[in-house]
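Scroll down for the structure; my scribbles are underneath it.
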Number of protein chains: 2
Amino acid sequence: MFSQSEENYIKAIYHLETISTKGISTNAIAKKLTTKASSVTDMIKKLSEKEVVVYKKYQGVTLTDFGKKVAANVVRKHRLWEVFLVEKLNFSWDEVHDVAEQLEHIKSPKLINEIDAFLGFPTHDPHGDPIPDKEGKINIIEKSLLSTLLKNESGICVGVNDSSSEFLQFLDKKGITLGKQITVLEKEDFDNSVSIIIDNKKMSISNKIANNLYIKKS
Amino acid sequence: MFSQSEENYIKAIYHLETISTKGISTNAIAKKLTTKASSVTDMIKKLSEKEVVVYKKYQGVTLTDFGKKVAANVVRKHRLWEVFLVEKLNFSWDEVHDVAEQLEHIKSPKLINEIDAFLGFPTHDPHGDPIPDKEGKINIIEKSLLSTLLKNESGICVGVNDSSSEFLQFLDKKGITLGKQITVLEKEDFDNSVSIIIDNKKMSISNKIANNLYIKKS
DNA sequence: AAATAAATTTAGATAAGACTAAAAATTTTA
DNA sequence: TAAAATTTTTAGTCTTATCTAAATTTATTT
Ligand SMILES: [Mn+2]
Ligand SMILES: [Mn+2]
Ligand SMILES: [Mn+2]
Ligand SMILES: [Mn+2]
């Protein structure tokens with residue numbers, strides 16, 4: 001059994017490993033969890049004792065297979081709770097994160113399995129992120145950042161790279177929600193913004209936005 | 001904001017106050033939370049600082065109005081989650097307690113209000129206990145222990161005095177569930193057992209059981 | 001290849017919450 | 001009402017999870 005704090009560290013390392021392939025640095029973990037590097041060093045020593053991570057001084061950490069399973073299970077719970085909040089309790093996709101951050105630590109295998117069934121075994125959370133199965137396996141779909149699409153390419157919005165409520169509310173305001181079709185009309189070299197069409201509406205999207213919106217090309 | 005541990009102490013004192021009217025003793029709290037009296041003394045000093053309880057050395061504690069509100073809110077969450085688990089997630093009434101014990105500490109006013117609405121604003125939990133409203137008010141219904149009913153009196157099962165899974169599973173086995181009508185056919189002076197009829201079935205109920213089952217007389 | 005900068009670890013503190021053992025206060029019993 | 005028993009509090013320790021400041025190691029520049 002792991003404490004809430006341990007679970008948060010394990011999950012942070014898991015997420016960082018999806019970005020870089022090398023060992024995860026103390027500083028990267030500290031930044032992700034808004035804590036201090038010295039606290040991270042203490043914790044990874046403990047996680048190393050518990051065989052959750054492999055740790056060599058000054059070399060960063062890597063999750064063991066066991067650690068990956070633990071992490072995937074926390075992520076599974078986090079994302080299932082997010083689906084529950086949006087689908088059943090009228091939360092919007094920008095309101096769910098902090099609550100899911102708490103709910104993900106509830107210990108009860110039956111609870112999470114029943115939630116899964118109650119929701120009809122969803123495969124993705126409200127932000128388009130895949131939900132790991134009980135074994136920790138995830139089904140990765142092919143997706144591209146909007147900023148990488150070429151002129152005249154089109155596809156479906158399937159995810160976001162930034163789950164901050166500011167960004168999500170901005171997308172809401174623009175009418176950009178997951179599942180909608182987007183076509184790139186024009187790319188501006190000047191500021192790397194893109195002109196798109198969505199719901200028959202033309203709009204200009206800044207590079208900052210286009211860099212945080214995932215499209216499944218079609 | 002209160003920690004999980006603080007909330008557990010506050011709730012324990014709240015429950016103990018429904019039994020005795022005097023100040024709640026250190027030992028009583030320690031027993032309820034299966035901790036040591038010295039730990040309780042430490043905690044009630046802190047709760048006193050925070051104006052949740054009134055505390056005078058060696059005299060036990062009493063919840064302040066503020067403390068009562070905090071407690072009722074935790075109880076509200078506990079009981080609403082229990083209803084959710086039973087009504088929506090196929091938990092039986094003897095499986096919900098430990099999970100609700102964790103869920104009651106989740107901090108999100110929106111979450112609990114939405115759960116309340118999602119469940120249709122239930123007034124009682126699966127064990128027949130009343131659910132406090134947002135202000136902490138509870139609606140107490142008139143109920144009597146089965147052991148206090150006289151021969152030929154009858155009523156509806158409305159609650160239990162013992163929520164242990166052993167007791168609840170025993171009731172399940174006997175076919176005794178909340179909402180059912182019970183009539184007392186006979187009372188045995190010998191061992192204080194009662195003969196009852198429920199669902200047209202006659203059965204003998206020991207005093208231990210009769211002392212833990214609440215009936216609303218009719 | 002030094003020197004400098006950055007990242008990481010160690011050492012020492014702090015706070016919450018729990019425990020044991022001992023002291024003090026209260027209650028019960030004789 | 002004095003002695004004994006019980007309850008409660010205090011003192012000191014421990015664990016977990018933080019932090020700051022200093023020391024050490026690694027990486028980057030000249
Ligand atoms: Mn979390
Ligand atoms: Mn998400
Ligand atoms: Mn609890
Ligand atoms: Mn209950």
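Residue numbering restarts at 1 in every chain; chains get A, B, ... in the order shown in the structure tokens, and ligands count up from 1 in that same order.
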Within 7 Å of ligand 1, counting only C-alpha atoms (C1' of nucleotides) and all ligand atoms, residues as a list in words: Gln4, Asn8, Glu101, Gln102, Glu104 and His105 of chain A
Keeping only C-alpha atoms, write the selected residues as a short mmCIF file (atom, residue, chain, number, x, y, z; two decimals), in the first residue's frame.
```
data_model
loop_
_atom_site.label_atom_id
_atom_site.label_comp_id
_atom_site.auth_asym_id
_atom_site.auth_seq_id
_atom_site.Cartn_x
_atom_site.Cartn_y
_atom_site.Cartn_z
CA GLN A 4 -1.09 9.63 -1.07
CA ASN A 8 1.61 11.41 -6.33
CA GLU A 101 -6.64 14.48 -7.80
CA GLN A 102 -8.23 13.60 -4.45
CA GLU A 104 -7.64 8.91 -7.31
CA HIS A 105 -6.28 7.98 -3.87
#
```
Neighbours of chain A in chain C at 9 Å, counting only C-alpha atoms (C1' of nucleotides), as a list in words: DA7, DT8, DT9 and DT10 of chain C
Contacts to ligand 4 at 10 Å cut-off (only C-alpha atoms (C1' of nucleotides) and all ligand atoms) as a list of chain:residue names: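 Result of the 10 Å neighbour search around ligand 4: B:Val75, B:His78, B:Arg79, B:Leu80, B:Trp81, B:Glu82, B:Val83, B:Trp93, B:Asp94, B:Val96, B:His97, B:Ala100, B:Glu101, B:His124, B:Asp125, B:Pro126, B:His127, B:Gly128, B:Asp129, B:Pro130, B:Ile131, B:Gly159, B:Val160, B:Asn161, B:Asp162, B:Ser163, B:Ser164.
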Please produce an output containing N, CA and C atoms for each residue in the selection, written as a PDB file, in the first residue's frame.
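The result, written out as result19.pdb:
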```pdb
ATOM      1  N   VAL B  75     -20.645  13.914   8.284  1.00  0.00           N
ATOM      2  CA  VAL B  75     -21.649  12.840   8.359  1.00  0.00           C
ATOM      3  C   VAL B  75     -22.525  12.856   7.109  1.00  0.00           C
ATOM      4  N   HIS B  78     -20.538  11.281   4.380  1.00  0.00           N
ATOM      5  CA  HIS B  78     -20.445   9.837   4.618  1.00  0.00           C
ATOM      6  C   HIS B  78     -21.734   9.133   4.183  1.00  0.00           C
ATOM      7  N   ARG B  79     -22.854   9.657   4.601  1.00  0.00           N
ATOM      8  CA  ARG B  79     -24.129   8.967   4.343  1.00  0.00           C
ATOM      9  C   ARG B  79     -24.564   9.082   2.891  1.00  0.00           C
ATOM     10  N   LEU B  80     -24.309  10.235   2.277  1.00  0.00           N
ATOM     11  CA  LEU B  80     -24.641  10.358   0.853  1.00  0.00           C
ATOM     12  C   LEU B  80     -23.803   9.392   0.020  1.00  0.00           C
ATOM     13  N   TRP B  81     -22.526   9.296   0.360  1.00  0.00           N
ATOM     14  CA  TRP B  81     -21.687   8.337  -0.378  1.00  0.00           C
ATOM     15  C   TRP B  81     -22.196   6.913  -0.174  1.00  0.00           C
ATOM     16  N   GLU B  82     -22.635   6.583   1.026  1.00  0.00           N
ATOM     17  CA  GLU B  82     -23.170   5.236   1.257  1.00  0.00           C
ATOM     18  C   GLU B  82     -24.379   4.969   0.371  1.00  0.00           C
ATOM     19  N   VAL B  83     -25.257   5.954   0.273  1.00  0.00           N
ATOM     20  CA  VAL B  83     -26.425   5.779  -0.605  1.00  0.00           C
ATOM     21  C   VAL B  83     -25.964   5.565  -2.037  1.00  0.00           C
ATOM     22  N   TRP B  93     -25.281  -3.236   1.783  1.00  0.00           N
ATOM     23  CA  TRP B  93     -25.214  -2.311   2.923  1.00  0.00           C
ATOM     24  C   TRP B  93     -24.134  -2.659   3.925  1.00  0.00           C
ATOM     25  N   ASP B  94     -23.608  -3.862   3.844  1.00  0.00           N
ATOM     26  CA  ASP B  94     -22.528  -4.219   4.768  1.00  0.00           C
ATOM     27  C   ASP B  94     -21.134  -3.963   4.177  1.00  0.00           C
ATOM     28  N   VAL B  96     -20.304  -0.889   2.578  1.00  0.00           N
ATOM     29  CA  VAL B  96     -20.085   0.519   2.245  1.00  0.00           C
ATOM     30  C   VAL B  96     -19.268   1.310   3.255  1.00  0.00           C
ATOM     31  N   HIS B  97     -19.207   0.816   4.481  1.00  0.00           N
ATOM     32  CA  HIS B  97     -18.687   1.679   5.534  1.00  0.00           C
ATOM     33  C   HIS B  97     -17.233   2.133   5.335  1.00  0.00           C
ATOM     34  N   ALA B 100     -16.876   4.618   2.461  1.00  0.00           N
ATOM     35  CA  ALA B 100     -17.456   5.922   2.819  1.00  0.00           C
ATOM     36  C   ALA B 100     -16.558   6.652   3.815  1.00  0.00           C
ATOM     37  N   GLU B 101     -15.879   5.869   4.632  1.00  0.00           N
ATOM     38  CA  GLU B 101     -14.958   6.445   5.620  1.00  0.00           C
ATOM     39  C   GLU B 101     -13.836   7.227   4.924  1.00  0.00           C
ATOM     40  N   HIS B 124     -32.277   9.364   4.035  1.00  0.00           N
ATOM     41  CA  HIS B 124     -31.668   8.395   4.938  1.00  0.00           C
ATOM     42  C   HIS B 124     -30.650   7.539   4.206  1.00  0.00           C
ATOM     43  N   ASP B 125     -29.666   7.059   4.940  1.00  0.00           N
ATOM     44  CA  ASP B 125     -28.647   6.209   4.326  1.00  0.00           C
ATOM     45  C   ASP B 125     -29.099   4.745   4.343  1.00  0.00           C
ATOM     46  N   PRO B 126     -28.302   3.841   3.801  1.00  0.00           N
ATOM     47  CA  PRO B 126     -28.734   2.435   3.700  1.00  0.00           C
ATOM     48  C   PRO B 126     -28.973   1.763   5.052  1.00  0.00           C
ATOM     49  N   HIS B 127     -28.466   2.372   6.135  1.00  0.00           N
ATOM     50  CA  HIS B 127     -28.674   1.786   7.460  1.00  0.00           C
ATOM     51  C   HIS B 127     -29.813   2.467   8.199  1.00  0.00           C
ATOM     52  N   GLY B 128     -30.528   3.344   7.483  1.00  0.00           N
ATOM     53  CA  GLY B 128     -31.663   4.030   8.091  1.00  0.00           C
ATOM     54  C   GLY B 128     -31.287   5.288   8.844  1.00  0.00           C
ATOM     55  N   ASP B 129     -30.006   5.688   8.783  1.00  0.00           N
ATOM     56  CA  ASP B 129     -29.606   6.892   9.501  1.00  0.00           C
ATOM     57  C   ASP B 129     -29.909   8.141   8.674  1.00  0.00           C
ATOM     58  N   PRO B 130     -30.361   9.204   9.342  1.00  0.00           N
ATOM     59  CA  PRO B 130     -30.770  10.408   8.615  1.00  0.00           C
ATOM     60  C   PRO B 130     -29.579  11.162   8.032  1.00  0.00           C
ATOM     61  N   ILE B 131     -29.768  11.757   6.876  1.00  0.00           N
ATOM     62  CA  ILE B 131     -28.712  12.530   6.210  1.00  0.00           C
ATOM     63  C   ILE B 131     -28.887  14.012   6.546  1.00  0.00           C
ATOM     64  N   GLY B 159     -34.094   0.960  10.746  1.00  0.00           N
ATOM     65  CA  GLY B 159     -32.688   1.262  10.993  1.00  0.00           C
ATOM     66  C   GLY B 159     -32.000   0.209  11.837  1.00  0.00           C
ATOM     67  N   VAL B 160     -30.678   0.349  11.911  1.00  0.00           N
ATOM     68  CA  VAL B 160     -29.887  -0.558  12.742  1.00  0.00           C
ATOM     69  C   VAL B 160     -29.043   0.255  13.705  1.00  0.00           C
ATOM     70  N   ASN B 161     -28.757  -0.356  14.823  1.00  0.00           N
ATOM     71  CA  ASN B 161     -27.961   0.315  15.842  1.00  0.00           C
ATOM     72  C   ASN B 161     -26.496  -0.103  15.727  1.00  0.00           C
ATOM     73  N   ASP B 162     -26.257  -1.151  14.959  1.00  0.00           N
ATOM     74  CA  ASP B 162     -24.921  -1.724  14.785  1.00  0.00           C
ATOM     75  C   ASP B 162     -24.738  -1.877  13.274  1.00  0.00           C
ATOM     76  N   SER B 163     -23.724  -1.215  12.743  1.00  0.00           N
ATOM     77  CA  SER B 163     -23.525  -1.269  11.290  1.00  0.00           C
ATOM     78  C   SER B 163     -22.411  -2.231  10.897  1.00  0.00           C
ATOM     79  N   SER B 164     -22.006  -3.104  11.810  1.00  0.00           N
ATOM     80  CA  SER B 164     -20.947  -4.051  11.475  1.00  0.00           C
ATOM     81  C   SER B 164     -21.435  -4.993  10.384  1.00  0.00           C
TER      82      SER B 164
END
```
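With only C-alpha atoms and all ligand atoms as the atoms that count, the residue of A:Thr34, A:Arg76, A:Ala71, A:Ile106 with the shortest distance to ligand 3 is A:Ile106.
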Distance query DA6 in chain C at most 9 Å, only C-alpha atoms (C1' of nucleotides), self and fewer than 3 positions along chain excluded, as a PyMOL selection string: chain D and resi 26-28
Exercise answer, chain D residues close to chain A, 10 Å and only C-alpha atoms (C1' of nucleotides), as a list in words: DT16, DA17, DT18, DC19, DT20, DT25 and DT26 of chain D
RMSD after least-squares fit, chain B onto chain A [all C-alpha atoms, in order]: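 C-alpha RMSD, chain B fitted to chain A: 0.1 Å.
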Select all residues from chain A having any atom no more than 9 Å from an atom of chain B (counting only C-alpha atoms, ignoring ligands), output as a compact mmCIF listing (two decimals) with N, CA, C and O atoms, in the first residue's frame.
```txt
# COMPACT_ATOMS: atom_id res chain seq x y z
N LEU A 85 -17.39 12.41 -13.21
CA LEU A 85 -17.78 13.78 -12.85
C LEU A 85 -18.44 14.51 -14.02
O LEU A 85 -19.43 15.22 -13.84
N LYS A 88 -21.80 12.15 -15.30
CA LYS A 88 -22.92 11.93 -14.38
C LYS A 88 -23.22 13.10 -13.45
O LYS A 88 -24.32 13.22 -12.94
N LEU A 89 -22.22 13.93 -13.20
CA LEU A 89 -22.42 14.97 -12.18
C LEU A 89 -22.31 16.40 -12.69
O LEU A 89 -22.10 17.34 -11.90
N ASN A 90 -22.48 16.58 -14.00
CA ASN A 90 -22.54 17.93 -14.55
C ASN A 90 -21.31 18.81 -14.31
O ASN A 90 -21.43 20.02 -14.28
N PHE A 91 -20.17 18.16 -14.12
CA PHE A 91 -18.94 18.96 -14.07
C PHE A 91 -18.54 19.26 -15.51
O PHE A 91 -18.80 18.46 -16.41
N ASP A 98 -8.94 18.92 -10.00
CA ASP A 98 -8.60 18.96 -8.57
C ASP A 98 -9.36 17.91 -7.76
O ASP A 98 -8.82 17.33 -6.82
N VAL A 99 -10.60 17.68 -8.14
CA VAL A 99 -11.38 16.67 -7.42
C VAL A 99 -10.84 15.28 -7.73
O VAL A 99 -10.67 14.45 -6.83
N GLN A 102 -7.94 14.17 -5.77
CA GLN A 102 -8.23 13.60 -4.45
C GLN A 102 -8.80 12.19 -4.59
O GLN A 102 -8.38 11.26 -3.90
N LEU A 103 -9.78 12.04 -5.49
CA LEU A 103 -10.50 10.76 -5.60
C LEU A 103 -9.58 9.62 -6.04
O LEU A 103 -9.82 8.46 -5.70
N ILE A 106 -8.47 7.03 -3.35
CA ILE A 106 -9.40 6.17 -2.59
C ILE A 106 -9.04 4.71 -2.85
O ILE A 106 -8.88 4.28 -3.98
N LYS A 107 -8.89 3.97 -1.76
CA LYS A 107 -8.50 2.56 -1.86
C LYS A 107 -9.72 1.66 -1.80
O LYS A 107 -10.28 1.43 -0.72
N SER A 108 -10.11 1.12 -2.94
CA SER A 108 -11.18 0.14 -3.01
C SER A 108 -11.29 -0.40 -4.42
O SER A 108 -11.85 0.24 -5.30
N LYS A 110 -13.14 -2.70 -5.60
CA LYS A 110 -14.53 -2.84 -6.04
C LYS A 110 -15.10 -1.51 -6.51
O LYS A 110 -15.78 -1.43 -7.53
N LEU A 111 -14.79 -0.46 -5.75
CA LEU A 111 -15.32 0.85 -6.12
C LEU A 111 -14.94 1.22 -7.54
O LEU A 111 -15.79 1.60 -8.35
N GLU A 114 -16.60 -0.94 -10.23
CA GLU A 114 -18.03 -0.64 -10.39
C GLU A 114 -18.23 0.69 -11.11
O GLU A 114 -19.14 0.84 -11.93
N ILE A 115 -17.39 1.66 -10.80
CA ILE A 115 -17.47 2.95 -11.51
C ILE A 115 -17.22 2.72 -13.00
O ILE A 115 -17.94 3.23 -13.86
N ALA A 117 -17.75 0.02 -14.76
CA ALA A 117 -18.93 -0.61 -15.36
C ALA A 117 -20.08 0.38 -15.47
O ALA A 117 -20.78 0.45 -16.49
N PHE A 118 -20.28 1.16 -14.40
CA PHE A 118 -21.36 2.15 -14.37
C PHE A 118 -21.24 3.13 -15.53
O PHE A 118 -22.23 3.61 -16.08
```
Selection near DT27 in chain C, 12 Å with only C-alpha atoms (C1' of nucleotides), sequence-local residues under 2 positions removed, as a PyMOL selection string: (chain B and resi 58) or (chain C and resi 25+29) or (chain D and resi 4-8)
Written file, previous selection with all heavy atoms, as a compact mmCIF listing (two decimals), in the first residue's frame:
```
# COMPACT_ATOMS: atom_id res chain seq x y z
N TYR B 58 -9.40 17.74 32.11
CA TYR B 58 -10.03 16.68 32.91
C TYR B 58 -11.55 16.66 32.82
O TYR B 58 -12.20 15.82 33.42
CB TYR B 58 -9.61 16.76 34.39
CG TYR B 58 -8.13 16.53 34.60
CD1 TYR B 58 -7.24 17.59 34.73
CD2 TYR B 58 -7.61 15.22 34.62
CE1 TYR B 58 -5.88 17.38 34.90
CE2 TYR B 58 -6.25 15.00 34.79
CZ TYR B 58 -5.39 16.08 34.94
OH TYR B 58 -4.05 15.86 35.10
P DA C 25 -2.16 18.19 39.76
OP1 DA C 25 -2.18 19.60 39.38
OP2 DA C 25 -1.76 17.75 41.12
O5' DA C 25 -3.57 17.56 39.45
C5' DA C 25 -4.11 17.69 38.14
C4' DA C 25 -5.37 16.85 38.04
O4' DA C 25 -5.02 15.46 38.12
C3' DA C 25 -6.38 17.12 39.14
O3' DA C 25 -7.57 17.56 38.50
C2' DA C 25 -6.53 15.79 39.88
C1' DA C 25 -5.99 14.78 38.87
N9 DA C 25 -5.31 13.62 39.42
C8 DA C 25 -4.20 13.61 40.22
N7 DA C 25 -3.77 12.40 40.53
C5 DA C 25 -4.66 11.57 39.88
C6 DA C 25 -4.75 10.15 39.82
N6 DA C 25 -3.91 9.33 40.42
N1 DA C 25 -5.75 9.64 39.08
C2 DA C 25 -6.60 10.47 38.46
N3 DA C 25 -6.61 11.80 38.45
C4 DA C 25 -5.61 12.29 39.19
P DT C 29 -17.05 1.81 42.91
OP1 DT C 29 -17.08 0.58 42.10
OP2 DT C 29 -18.30 2.48 43.32
O5' DT C 29 -16.19 1.51 44.22
C5' DT C 29 -14.84 1.07 44.06
C4' DT C 29 -14.22 0.86 45.43
O4' DT C 29 -13.84 2.13 46.01
C3' DT C 29 -15.12 0.15 46.43
O3' DT C 29 -14.37 -0.90 47.00
C2' DT C 29 -15.47 1.24 47.46
C1' DT C 29 -14.26 2.16 47.37
N1 DT C 29 -14.47 3.60 47.70
C2 DT C 29 -13.53 4.26 48.47
O2 DT C 29 -12.54 3.74 48.91
N3 DT C 29 -13.79 5.59 48.69
C4 DT C 29 -14.89 6.31 48.24
O4 DT C 29 -15.00 7.50 48.51
C5 DT C 29 -15.83 5.56 47.45
C7 DT C 29 -17.06 6.25 46.92
C6 DT C 29 -15.59 4.25 47.21
P DA D 4 -3.83 1.74 49.86
OP1 DA D 4 -3.47 0.36 50.28
OP2 DA D 4 -2.78 2.71 49.50
O5' DA D 4 -4.87 1.64 48.66
C5' DA D 4 -6.11 0.98 48.86
C4' DA D 4 -6.86 0.91 47.54
O4' DA D 4 -7.39 2.23 47.22
C3' DA D 4 -6.00 0.50 46.34
O3' DA D 4 -6.72 -0.47 45.59
C2' DA D 4 -5.76 1.80 45.58
C1' DA D 4 -7.02 2.59 45.90
N9 DA D 4 -6.84 4.04 45.91
C8 DA D 4 -5.79 4.76 46.41
N7 DA D 4 -5.92 6.06 46.29
C5 DA D 4 -7.15 6.21 45.65
C6 DA D 4 -7.86 7.35 45.22
N6 DA D 4 -7.44 8.60 45.39
N1 DA D 4 -9.05 7.15 44.61
C2 DA D 4 -9.48 5.89 44.46
N3 DA D 4 -8.90 4.73 44.81
C4 DA D 4 -7.72 4.98 45.41
P DA D 5 -6.20 -1.06 44.20
OP1 DA D 5 -6.57 -2.48 44.11
OP2 DA D 5 -4.80 -0.62 44.03
O5' DA D 5 -7.10 -0.25 43.15
C5' DA D 5 -8.51 -0.26 43.30
C4' DA D 5 -9.13 0.58 42.20
O4' DA D 5 -8.86 1.98 42.44
C3' DA D 5 -8.57 0.27 40.80
O3' DA D 5 -9.66 0.12 39.92
C2' DA D 5 -7.69 1.47 40.48
C1' DA D 5 -8.37 2.59 41.26
N9 DA D 5 -7.48 3.68 41.67
C8 DA D 5 -6.23 3.58 42.22
N7 DA D 5 -5.67 4.74 42.50
C5 DA D 5 -6.63 5.66 42.11
C6 DA D 5 -6.66 7.06 42.14
N6 DA D 5 -5.65 7.81 42.61
N1 DA D 5 -7.76 7.68 41.68
C2 DA D 5 -8.77 6.93 41.23
N3 DA D 5 -8.87 5.60 41.13
C4 DA D 5 -7.75 5.03 41.61
P DT D 6 -9.46 -0.22 38.37
OP1 DT D 6 -10.55 -1.13 37.97
OP2 DT D 6 -8.03 -0.55 38.15
O5' DT D 6 -9.73 1.21 37.70
C5' DT D 6 -10.90 1.93 38.06
C4' DT D 6 -10.83 3.31 37.44
O4' DT D 6 -9.85 4.11 38.13
C3' DT D 6 -10.43 3.30 35.97
O3' DT D 6 -11.48 3.90 35.24
C2' DT D 6 -9.12 4.09 35.93
C1' DT D 6 -9.22 4.95 37.18
N1 DT D 6 -7.94 5.41 37.79
C2 DT D 6 -7.77 6.74 38.05
O2 DT D 6 -8.63 7.58 37.83
N3 DT D 6 -6.57 7.08 38.62
C4 DT D 6 -5.53 6.23 38.92
O4 DT D 6 -4.50 6.65 39.43
C5 DT D 6 -5.77 4.84 38.62
C7 DT D 6 -4.71 3.83 38.90
C6 DT D 6 -6.94 4.50 38.06
P DT D 7 -11.44 4.13 33.64
OP1 DT D 7 -12.83 4.01 33.15
OP2 DT D 7 -10.34 3.32 33.07
O5' DT D 7 -11.01 5.67 33.53
C5' DT D 7 -11.73 6.65 34.27
C4' DT D 7 -11.04 7.98 34.11
O4' DT D 7 -9.80 7.98 34.84
C3' DT D 7 -10.71 8.33 32.65
O3' DT D 7 -11.31 9.57 32.38
C2' DT D 7 -9.18 8.35 32.62
C1' DT D 7 -8.82 8.65 34.07
N1 DT D 7 -7.49 8.16 34.56
C2 DT D 7 -6.63 9.06 35.16
O2 DT D 7 -6.88 10.24 35.31
N3 DT D 7 -5.44 8.51 35.60
C4 DT D 7 -5.04 7.19 35.50
O4 DT D 7 -3.96 6.83 35.94
C5 DT D 7 -5.99 6.31 34.85
C7 DT D 7 -5.65 4.86 34.68
C6 DT D 7 -7.15 6.83 34.41
P DT D 8 -11.22 10.30 30.97
OP1 DT D 8 -12.39 11.19 30.85
OP2 DT D 8 -10.93 9.27 29.95
O5' DT D 8 -9.91 11.21 31.12
C5' DT D 8 -9.90 12.22 32.12
C4' DT D 8 -8.54 12.85 32.16
O4' DT D 8 -7.57 11.89 32.64
C3' DT D 8 -8.03 13.31 30.80
O3' DT D 8 -7.95 14.73 30.84
C2' DT D 8 -6.66 12.64 30.65
C1' DT D 8 -6.33 12.22 32.07
N1 DT D 8 -5.46 11.02 32.22
C2 DT D 8 -4.28 11.13 32.91
O2 DT D 8 -3.88 12.17 33.40
N3 DT D 8 -3.55 9.97 33.00
C4 DT D 8 -3.89 8.73 32.50
O4 DT D 8 -3.16 7.76 32.66
C5 DT D 8 -5.15 8.68 31.79
C7 DT D 8 -5.60 7.39 31.19
C6 DT D 8 -5.86 9.81 31.68
```
Interatomic distance, CA of Ser147 in chain B to CA of Leu178 in chain B (Å, one decimal):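 These atoms are spaced 16.4 Å apart.
Distances here use only C-alpha atoms and all ligand atoms; by that measure, the residue among B:Val86, B:Leu16, B:Ile10, B:Leu150 closest to ligand 3 is B:Ile10.
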In range 5-188 of chain A, DSSP strand (DSSP E or B) residues written as a list in words: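 Put together, the selection reads Ile24, Val53, Val54, Tyr55, Val61, Thr62, Leu63, His124, Pro130, Ser144, Leu145, Ser154, Gly155, Ile156, Cys157, Val158, Gly159, Val160, Gln181, Ile182, Thr183, Val184, Leu185, Glu186 and Lys187 of chain A.
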Polymer residues at most 7 Å from range 191-207 of chain B, only C-alpha atoms (C1' of nucleotides), same-chain spacing of 4 or more positions, as a list in words: Ser147, Gln181, Ile182, Thr183, Val184, Leu185, Glu186, Lys187 and Asn211 of chain B
Next, dump the selected residues to file, keeping only C-alpha atoms, as an mmCIF file, in the first residue's frame.
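New file out_25.cif:
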```cif
data_model
loop_
_atom_site.group_PDB
_atom_site.id
_atom_site.type_symbol
_atom_site.label_atom_id
_atom_site.label_comp_id
_atom_site.auth_asym_id
_atom_site.auth_seq_id
_atom_site.Cartn_x
_atom_site.Cartn_y
_atom_site.Cartn_z
ATOM 1 C CA SER B 147 -36.567 -5.331 21.976
ATOM 2 C CA GLN B 181 -43.121 -5.027 8.359
ATOM 3 C CA ILE B 182 -42.537 -6.937 11.576
ATOM 4 C CA THR B 183 -45.061 -8.083 14.159
ATOM 5 C CA VAL B 184 -44.137 -9.359 17.602
ATOM 6 C CA LEU B 185 -45.934 -12.636 18.282
ATOM 7 C CA GLU B 186 -44.370 -13.550 21.588
ATOM 8 C CA LYS B 187 -41.793 -12.360 24.089
ATOM 9 C CA ASN B 211 -31.458 -4.680 20.690
#
```
DSSP-assigned alpha helix (DSSP H) among range 114-168 of chain B, expressed as a ChimeraX atom specification: /B:114-118,165-168
With C-alpha atoms retained, export the selected residues as a CSV table (one decimal), in the first residue's frame.
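Final file, result.csv:
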```
chain,number,residue,atom,x,y,z
B,114,GLU,CA,-24.2,17.0,-7.3
B,115,ILE,CA,-24.2,13.6,-5.7
B,116,ASP,CA,-27.1,14.7,-3.5
B,117,ALA,CA,-29.1,15.7,-6.6
B,118,PHE,CA,-28.0,12.7,-8.6
B,165,SER,CA,-20.9,-6.3,8.4
B,166,GLU,CA,-21.4,-9.3,10.6
B,167,PHE,CA,-24.7,-8.0,12.0
B,168,LEU,CA,-25.9,-6.7,8.6
```
Distance criterion (only C-alpha atoms and all ligand atoms): nearest to ligand 2 out of A:Lys77, A:Lys174, A:Lys46, A:Lys217: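 Among the listed residues, A:Lys77 lies closest to ligand 2.
What separates CA of Thr177 in chain B from CA of Leu145 in chain B is a distance of 14.7 Å.
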Separation of CA of Gly175 in chain B from CA of Cys157 in chain B, in Å and rounded to one decimal: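 We find that CA of Gly175 in chain B and CA of Cys157 in chain B lie 11.5 Å from each other.
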